[in-house]
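Below: the structure, in structure tokens.
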Amino acid sequence: MRDASVRVHDGRIVAIHRASGVAQPKGTEIIDGSGLFLAPGLIDSHVHLGEIPGMTSEQEAQHPDIAKAARQQIPRSYLLYGFTTLIDLISSPQGMARWKSHDIAPDAYFCGGAALMDGYPMNYAPKPQRYQNWPYMLIEPGRQPPEGIDPATHTPQAVVSKMKSEGAICVKTFFERGFGGVRDLPVPKLETIRELVKAAHAAGIPVLMHANSDEAQRFGLDAGVDIMAHGLWNLYQENSTTSEVTPGIKKILDEELERKVGVQPTMQVLYGIRDVIGTSFLSDPRLPYVLPSGLIDWYRSPEGQWFHEVVSQGMKLPTDASPTQIEHALNAGFASVIDRGKHVTAYLVARHGRILFGTDTPSAPTYANPPGLNGWLEMHRLVEAGETPAQIFTSATLSNAQALKLDRDIGSVQVGKRANLLLLKQDPTQTIDAYAAIAKVILNGRLLDPSELAANAR
Ligand SMILES: [Zn+2]
């Protein structure tokens with residue numbers, strides 16, 4: 001609409017008039033949007049809010065001041081880039097309560113993480129602590145349950161009903177045999193995930209699956225999941241060196257298109273690993289806006305470089321290599337997976353696939369997935385893959401809202417919906433730069449000035 005007045009009351013949109021300067025009830029605060037674009041707030045449907053990017057919980061305990069400043073800033077950084085709603089794909093009521101305790105924070109929802117017992121990504125936590133961390137894990141029949149755990153409470157039906165009663169709006173499950181040094185993790189049986197999907201659909205909630213290979217996405221399709229939580233960039237079933245869309249991949253993608261399966265390309269997952277080994281990321285001039293300076297300084301310290309060390313050792317880069325040699329080896333090492341992810345995204349985009357905007361921030365303990373900014377970086381990757389700004393805008397608003405069944409409340413500027421809004425200086429259907437310098441963010445009716453949300457503002 002060209003000229004409009006949007007009235008907000010008690011955090012909701014209560015009226016929209018097709019004219020500017022409409023008389024409003026006495027006492028109404030008027031925000032002049034002349035020359036600006038009013039858009040719904042963005043939704044990132046794949047984040048992890050429990051961790052500070054690049055910092056383990058042990059390191060957080062050792063640096064409480066740095067961590068405290070980081071945790072206060074993270075919600076603001078998402079808002080700075082226009083994200084007013086976040087979906088944490090593996091959380092709990094406790095995790096959500098912690099997030100909501102901040103004075104300013106985007107709305108957040110969560111999926112319960114239905115990982116297979118001892119499979120990915122539970123395997124990263126030591127036993128027996130991992131069983132406490134994963135209240136919705138799946139235990140298949142015939143498997144020996146951990147001490148003190150009743151397997152009857154970890155069937156697909158039981159975990160879905162538990163997470164739903166605890167407030168989850170979705171189920172996240174996993175098909176991953178491993179990467180890096182680990183390649184033989186147990187994966188769920190097809191019938192287990194079919195049961196999980198059946199139980200979730202009976203409860204009215206969608207199922208997302210961690211699936212980034214041909215094998216995993218084939219499995220996800222056979223199990224009937226609703227959303228692939230990653231792009232397809234690893235090839236395990238097909239023996240091919242090309243990064244183009246092979247006949248095998250095409251078959252999978254065509255089925256995703258036909259069945260309108262949601263796909264989150266999550267290209268920043270790959271860049272987040274690549275850039276943690278690169279030498280220039282921490283000098284990015286945009287970082288001081290989204291991260292406190294104390295945290296950036298810590299990332300530069302030997303301790304803060306721990307994940308850089310892990311990844312470089314995994315890549316077997318020569319220890320005496322120059323920064324240029326490292327950069328070169330990295331680009332070569334990541335080129336084919338990144339290229340395949342790009343080609344797959346382009347294939348789906350060109351055929352009007354159900355692309356859902358999700359960043360997977362942070363996808364690993366990498367500092368190269370900074371809150372808020374990572375979303376904007378993801379948009380650049382999507383543009384490179386052929387998605388238009390208009391398609392990105394829809395995928396980060398209404399498409400996400402519909403896929404997560406939140407469209408009664410968010411996803412568009414409509415009477416009755418929550419007043420999560422952005423005032424933009426540029427048209428977001430024309431350029432993703434619209435999100436780089438937002439004029440105003442409105443969160444549940446509360447007016448926020450981006451200059452006050454920046455990490456270096458205070
Ligand atoms: Zn994730």
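By order in the structure tokens, chains are A, B, ...; within a chain, residues start at 1; ligands start at 1, following the order shown.
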Which residues come within 10 Å of Thr56 (chain A), counting only C-alpha atoms, excluding same-chain residues fewer than 3 positions away, as a ChimeraX atom specification? /A:51-53,59-62,304,306-307,365
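Taking the backbone of this structure through DSSP, the residues of region 191-391 of chain A that come out as strand (DSSP E) are Val207, Leu208, Met209, His210, Ile227, Met228, Gly262, Val263, Arg354 and Ile355 of chain A.
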If you count only C-alpha atoms and all ligand atoms, which residues end up within 9 Å of ligand 1, as an mmCIF file with N, CA, C and O atoms, in the first residue's frame?
data_model
loop_
_atom_site.group_PDB
_atom_site.id
_atom_site.type_symbol
_atom_site.label_atom_id
_atom_site.label_comp_id
_atom_site.auth_asym_id
_atom_site.auth_seq_id
_atom_site.Cartn_x
_atom_site.Cartn_y
_atom_site.Cartn_z
ATOM 1 N N HIS A 46 15.703 -20.724 12.224
ATOM 2 C CA HIS A 46 16.714 -21.702 12.652
ATOM 3 C C HIS A 46 17.829 -21.002 13.430
ATOM 4 O O HIS A 46 18.794 -20.511 12.842
ATOM 5 N N VAL A 47 17.676 -20.933 14.728
ATOM 6 C CA VAL A 47 18.748 -20.367 15.562
ATOM 7 C C VAL A 47 18.960 -21.255 16.792
ATOM 8 O O VAL A 47 18.155 -22.160 17.068
ATOM 9 N N HIS A 48 20.053 -20.969 17.476
ATOM 10 C CA HIS A 48 20.364 -21.632 18.749
ATOM 11 C C HIS A 48 20.725 -20.550 19.747
ATOM 12 O O HIS A 48 21.766 -19.906 19.615
ATOM 13 N N ASP A 88 14.205 -21.270 18.093
ATOM 14 C CA ASP A 88 15.344 -22.060 18.573
ATOM 15 C C ASP A 88 14.995 -23.520 18.342
ATOM 16 O O ASP A 88 14.036 -24.040 18.923
ATOM 17 N N LEU A 89 15.762 -24.172 17.490
ATOM 18 C CA LEU A 89 15.382 -25.531 17.085
ATOM 19 C C LEU A 89 15.707 -26.611 18.114
ATOM 20 O O LEU A 89 15.272 -27.751 17.950
ATOM 21 N N ILE A 90 16.493 -26.286 19.114
ATOM 22 C CA ILE A 90 16.739 -27.288 20.173
ATOM 23 C C ILE A 90 16.731 -26.555 21.501
ATOM 24 O O ILE A 90 17.758 -26.044 21.943
ATOM 25 N N HIS A 210 17.421 -32.185 10.641
ATOM 26 C CA HIS A 210 18.801 -31.873 10.258
ATOM 27 C C HIS A 210 19.182 -32.862 9.166
ATOM 28 O O HIS A 210 19.268 -34.066 9.428
ATOM 29 N N ALA A 229 16.188 -28.853 7.530
ATOM 30 C CA ALA A 229 16.785 -27.729 8.255
ATOM 31 C C ALA A 229 18.130 -27.282 7.681
ATOM 32 O O ALA A 229 18.818 -26.453 8.281
ATOM 33 N N HIS A 230 18.511 -27.832 6.531
ATOM 34 C CA HIS A 230 19.736 -27.399 5.844
ATOM 35 C C HIS A 230 19.563 -27.586 4.347
ATOM 36 O O HIS A 230 18.676 -28.316 3.903
ATOM 37 N N THR A 266 20.507 -22.429 4.725
ATOM 38 C CA THR A 266 21.559 -22.255 5.765
ATOM 39 C C THR A 266 22.983 -22.226 5.204
ATOM 40 O O THR A 266 23.878 -22.899 5.713
ATOM 41 N N VAL A 269 26.218 -21.752 7.409
ATOM 42 C CA VAL A 269 26.835 -22.858 8.158
ATOM 43 C C VAL A 269 28.241 -23.091 7.605
ATOM 44 O O VAL A 269 29.223 -23.200 8.348
ATOM 45 N N THR A 359 19.104 -19.329 9.524
ATOM 46 C CA THR A 359 20.556 -19.151 9.438
ATOM 47 C C THR A 359 21.355 -20.224 10.158
ATOM 48 O O THR A 359 22.523 -20.405 9.896
ATOM 49 N N ASP A 360 20.737 -20.893 11.139
ATOM 50 C CA ASP A 360 21.481 -21.787 12.023
ATOM 51 C C ASP A 360 22.589 -21.020 12.752
ATOM 52 O O ASP A 360 23.751 -21.413 12.733
ATOM 53 N N THR A 361 22.206 -19.943 13.406
ATOM 54 C CA THR A 361 23.158 -19.119 14.180
ATOM 55 C C THR A 361 23.208 -19.587 15.625
ATOM 56 O O THR A 361 22.184 -19.581 16.267
ATOM 57 N N PRO A 362 24.339 -19.961 16.203
ATOM 58 C CA PRO A 362 25.550 -20.384 15.506
ATOM 59 C C PRO A 362 25.472 -21.877 15.221
ATOM 60 O O PRO A 362 25.010 -22.645 16.030
ATOM 61 N N SER A 363 25.963 -22.265 14.048
ATOM 62 C CA SER A 363 25.818 -23.652 13.608
ATOM 63 C C SER A 363 26.808 -24.573 14.288
ATOM 64 O O SER A 363 26.657 -25.781 14.288
ATOM 65 N N ALA A 364 27.861 -23.995 14.813
ATOM 66 C CA ALA A 364 28.923 -24.731 15.499
ATOM 67 C C ALA A 364 29.483 -23.716 16.488
ATOM 68 O O ALA A 364 29.084 -22.558 16.454
#
Within 12 Å of Tyr120 (chain A) using only C-alpha atoms, minus same-chain residues under 6 positions, as a PDB file with N, CA and C atoms, in the first residue's frame:
ATOM      1  N   GLY A 113      14.261 -31.059  20.770  1.00  0.00           N
ATOM      2  CA  GLY A 113      15.262 -31.792  19.996  1.00  0.00           C
ATOM      3  C   GLY A 113      15.118 -33.293  20.196  1.00  0.00           C
ATOM      4  N   ALA A 114      14.534 -33.962  19.188  1.00  0.00           N
ATOM      5  CA  ALA A 114      14.342 -35.415  19.273  1.00  0.00           C
ATOM      6  C   ALA A 114      15.525 -36.115  18.604  1.00  0.00           C
ATOM      7  N   ARG A 130      24.792 -35.976  28.989  1.00  0.00           N
ATOM      8  CA  ARG A 130      24.030 -35.763  27.752  1.00  0.00           C
ATOM      9  C   ARG A 130      22.564 -36.169  27.905  1.00  0.00           C
ATOM     10  N   TRP A 134      19.190 -33.725  27.056  1.00  0.00           N
ATOM     11  CA  TRP A 134      18.309 -34.071  25.940  1.00  0.00           C
ATOM     12  C   TRP A 134      17.028 -34.747  26.441  1.00  0.00           C
ATOM     13  N   MET A 137      15.036 -37.010  23.926  1.00  0.00           N
ATOM     14  CA  MET A 137      15.761 -37.961  23.059  1.00  0.00           C
ATOM     15  C   MET A 137      14.887 -39.190  22.786  1.00  0.00           C
ATOM     16  N   LEU A 138      15.204 -39.841  21.662  1.00  0.00           N
ATOM     17  CA  LEU A 138      14.470 -41.043  21.263  1.00  0.00           C
ATOM     18  C   LEU A 138      15.276 -42.292  21.642  1.00  0.00           C
ATOM     19  N   LYS A 172      12.349 -31.114  16.260  1.00  0.00           N
ATOM     20  CA  LYS A 172      13.563 -31.148  15.438  1.00  0.00           C
ATOM     21  C   LYS A 172      14.182 -32.521  15.605  1.00  0.00           C
ATOM     22  N   THR A 173      14.432 -33.184  14.467  1.00  0.00           N
ATOM     23  CA  THR A 173      15.127 -34.459  14.563  1.00  0.00           C
ATOM     24  C   THR A 173      16.340 -34.445  13.624  1.00  0.00           C
ATOM     25  N   PHE A 174      17.074 -35.532  13.587  1.00  0.00           N
ATOM     26  CA  PHE A 174      18.411 -35.504  12.976  1.00  0.00           C
ATOM     27  C   PHE A 174      18.691 -36.767  12.185  1.00  0.00           C
ATOM     28  N   PHE A 175      19.316 -36.598  11.023  1.00  0.00           N
ATOM     29  CA  PHE A 175      19.908 -37.746  10.335  1.00  0.00           C
ATOM     30  C   PHE A 175      21.328 -37.337   9.955  1.00  0.00           C
ATOM     31  N   GLU A 176      22.283 -37.836  10.715  1.00  0.00           N
ATOM     32  CA  GLU A 176      23.679 -37.412  10.525  1.00  0.00           C
ATOM     33  C   GLU A 176      24.599 -38.521  11.008  1.00  0.00           C
ATOM     34  N   ARG A 177      25.407 -39.069  10.087  1.00  0.00           N
ATOM     35  CA  ARG A 177      26.367 -40.101  10.501  1.00  0.00           C
ATOM     36  C   ARG A 177      27.649 -39.494  11.052  1.00  0.00           C
ATOM     37  N   GLY A 178      27.794 -38.171  10.875  1.00  0.00           N
ATOM     38  CA  GLY A 178      28.962 -37.494  11.434  1.00  0.00           C
ATOM     39  C   GLY A 178      29.804 -36.824  10.378  1.00  0.00           C
ATOM     40  N   PHE A 179      30.718 -35.968  10.846  1.00  0.00           N
ATOM     41  CA  PHE A 179      31.653 -35.296   9.935  1.00  0.00           C
ATOM     42  C   PHE A 179      32.920 -35.014  10.722  1.00  0.00           C
ATOM     43  N   VAL A 182      34.460 -37.778  13.225  1.00  0.00           N
ATOM     44  CA  VAL A 182      33.450 -38.773  13.612  1.00  0.00           C
ATOM     45  C   VAL A 182      32.577 -39.104  12.409  1.00  0.00           C
ATOM     46  N   ARG A 183      32.501 -40.377  12.051  1.00  0.00           N
ATOM     47  CA  ARG A 183      31.736 -40.706  10.834  1.00  0.00           C
ATOM     48  C   ARG A 183      30.760 -41.861  11.005  1.00  0.00           C
ATOM     49  N   ASP A 184      30.714 -42.435  12.210  1.00  0.00           N
ATOM     50  CA  ASP A 184      29.895 -43.649  12.338  1.00  0.00           C
ATOM     51  C   ASP A 184      28.875 -43.553  13.466  1.00  0.00           C
ATOM     52  N   LEU A 185      28.257 -42.401  13.588  1.00  0.00           N
ATOM     53  CA  LEU A 185      27.233 -42.229  14.619  1.00  0.00           C
ATOM     54  C   LEU A 185      25.987 -43.036  14.262  1.00  0.00           C
ATOM     55  N   PRO A 186      25.267 -43.524  15.299  1.00  0.00           N
ATOM     56  CA  PRO A 186      24.018 -44.229  14.985  1.00  0.00           C
ATOM     57  C   PRO A 186      22.978 -43.256  14.412  1.00  0.00           C
ATOM     58  N   VAL A 187      22.189 -43.725  13.457  1.00  0.00           N
ATOM     59  CA  VAL A 187      21.106 -42.904  12.898  1.00  0.00           C
ATOM     60  C   VAL A 187      19.778 -43.618  13.172  1.00  0.00           C
ATOM     61  N   PRO A 188      18.683 -42.857  13.212  1.00  0.00           N
ATOM     62  CA  PRO A 188      17.401 -43.493  13.535  1.00  0.00           C
ATOM     63  C   PRO A 188      16.921 -44.415  12.419  1.00  0.00           C
ATOM     64  N   MET A 209      14.014 -31.604  10.075  1.00  0.00           N
ATOM     65  CA  MET A 209      15.096 -32.591  10.178  1.00  0.00           C
ATOM     66  C   MET A 209      16.437 -31.993   9.768  1.00  0.00           C
ATOM     67  N   HIS A 210      17.421 -32.185  10.641  1.00  0.00           N
ATOM     68  CA  HIS A 210      18.801 -31.873  10.258  1.00  0.00           C
ATOM     69  C   HIS A 210      19.182 -32.862   9.166  1.00  0.00           C
ATOM     70  N   ALA A 211      19.365 -32.369   7.954  1.00  0.00           N
ATOM     71  CA  ALA A 211      19.656 -33.243   6.819  1.00  0.00           C
ATOM     72  C   ALA A 211      20.396 -32.423   5.772  1.00  0.00           C
TER      73      ALA A 211
END
Surrounding residues of Asn239 (chain A) excluding itself and chain neighbours under 4 positions, 10 Å, only C-alpha atoms, as a PyMOL selection string: chain A and resi 235+246+248
Please provide as a list in words all residues within 8 Å of region 312-319 of chain A, with the sequence filter that same-chain residues fewer than 4 positions apart are discarded (counting only C-alpha atoms). Gly180, Gly181, Ile277, His308, Ile326 and Ala329 of chain A
Non-local contacts of Leu424 (chain A) (9 Å; only C-alpha atoms; under 6 positions in same chain excluded) as a PyMOL selection string: chain A and resi 33+36-39+434-435+437-441
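Taking CA of Val6 (chain A) as the reference point, CA of Arg18 (chain A) is found at 8.9 Å.
Nearest to Asn420 (chain A) of all the residues A:Asn331, A:Thr242, A:Thr192, A:Thr397 is A:Thr397, counting only C-alpha atoms.
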Can you pull out the residues contacting region 221-226 of chain A? Cut-off 8 Å, using only C-alpha atoms, and skip same-chain residues under 6 positions away; I want them as a PyMOL selection string. chain A and resi 190-191+193-194+197+206-209+255-256+261-262
For those residues, write N, CA, C and O atoms to a file as a CSV table (one decimal), in the first residue's frame.
chain,number,residue,atom,x,y,z
A,190,LEU,N,14.0,-45.8,9.9
A,190,LEU,CA,12.9,-45.0,9.2
A,190,LEU,C,11.6,-45.1,9.9
A,190,LEU,O,10.9,-44.1,10.1
A,191,GLU,N,11.3,-46.3,10.5
A,191,GLU,CA,10.0,-46.4,11.2
A,191,GLU,C,9.9,-45.5,12.4
A,191,GLU,O,8.9,-45.1,12.8
A,193,ILE,N,11.3,-42.5,12.8
A,193,ILE,CA,11.0,-41.1,12.4
A,193,ILE,C,9.6,-41.0,11.8
A,193,ILE,O,8.9,-40.0,11.9
A,194,ARG,N,9.1,-42.1,11.1
A,194,ARG,CA,7.7,-42.1,10.6
A,194,ARG,C,6.8,-42.0,11.8
A,194,ARG,O,5.8,-41.2,11.7
A,197,VAL,N,6.9,-38.4,13.1
A,197,VAL,CA,6.1,-37.5,12.2
A,197,VAL,C,4.6,-37.7,12.5
A,197,VAL,O,3.8,-36.7,12.6
A,206,PRO,N,4.8,-29.2,13.2
A,206,PRO,CA,5.7,-29.7,12.1
A,206,PRO,C,7.0,-30.3,12.6
A,206,PRO,O,7.4,-30.1,13.7
A,207,VAL,N,7.6,-31.1,11.7
A,207,VAL,CA,8.8,-31.8,12.0
A,207,VAL,C,9.9,-31.2,11.1
A,207,VAL,O,9.8,-31.2,9.9
A,208,LEU,N,11.0,-30.8,11.7
A,208,LEU,CA,12.2,-30.3,11.0
A,208,LEU,C,13.3,-31.4,11.2
A,208,LEU,O,13.4,-32.0,12.2
A,209,MET,N,14.0,-31.6,10.1
A,209,MET,CA,15.1,-32.6,10.2
A,209,MET,C,16.4,-32.0,9.8
A,209,MET,O,16.5,-31.4,8.7
A,255,GLU,N,11.2,-34.0,-5.8
A,255,GLU,CA,10.2,-34.5,-4.8
A,255,GLU,C,9.9,-33.5,-3.7
A,255,GLU,O,8.7,-33.3,-3.3
A,256,GLU,N,10.9,-32.8,-3.3
A,256,GLU,CA,10.7,-31.7,-2.3
A,256,GLU,C,9.8,-30.6,-2.9
A,256,GLU,O,8.9,-30.1,-2.2
A,261,VAL,N,7.9,-29.4,0.5
A,261,VAL,CA,8.7,-29.6,1.7
A,261,VAL,C,9.5,-28.2,1.8
A,261,VAL,O,10.0,-27.7,0.9
A,262,GLY,N,9.5,-27.7,3.0
A,262,GLY,CA,10.3,-26.5,3.3
A,262,GLY,C,11.8,-26.8,3.3
A,262,GLY,O,12.2,-27.9,3.8
Among region 171-371 of chain A, which ones does DSSP place in helix (DSSP H, G or I), written as a ChimeraX atom specification? /A:190-202,214-223,247-258,268-277,281-283,287-290,293-300,303-315,323-350
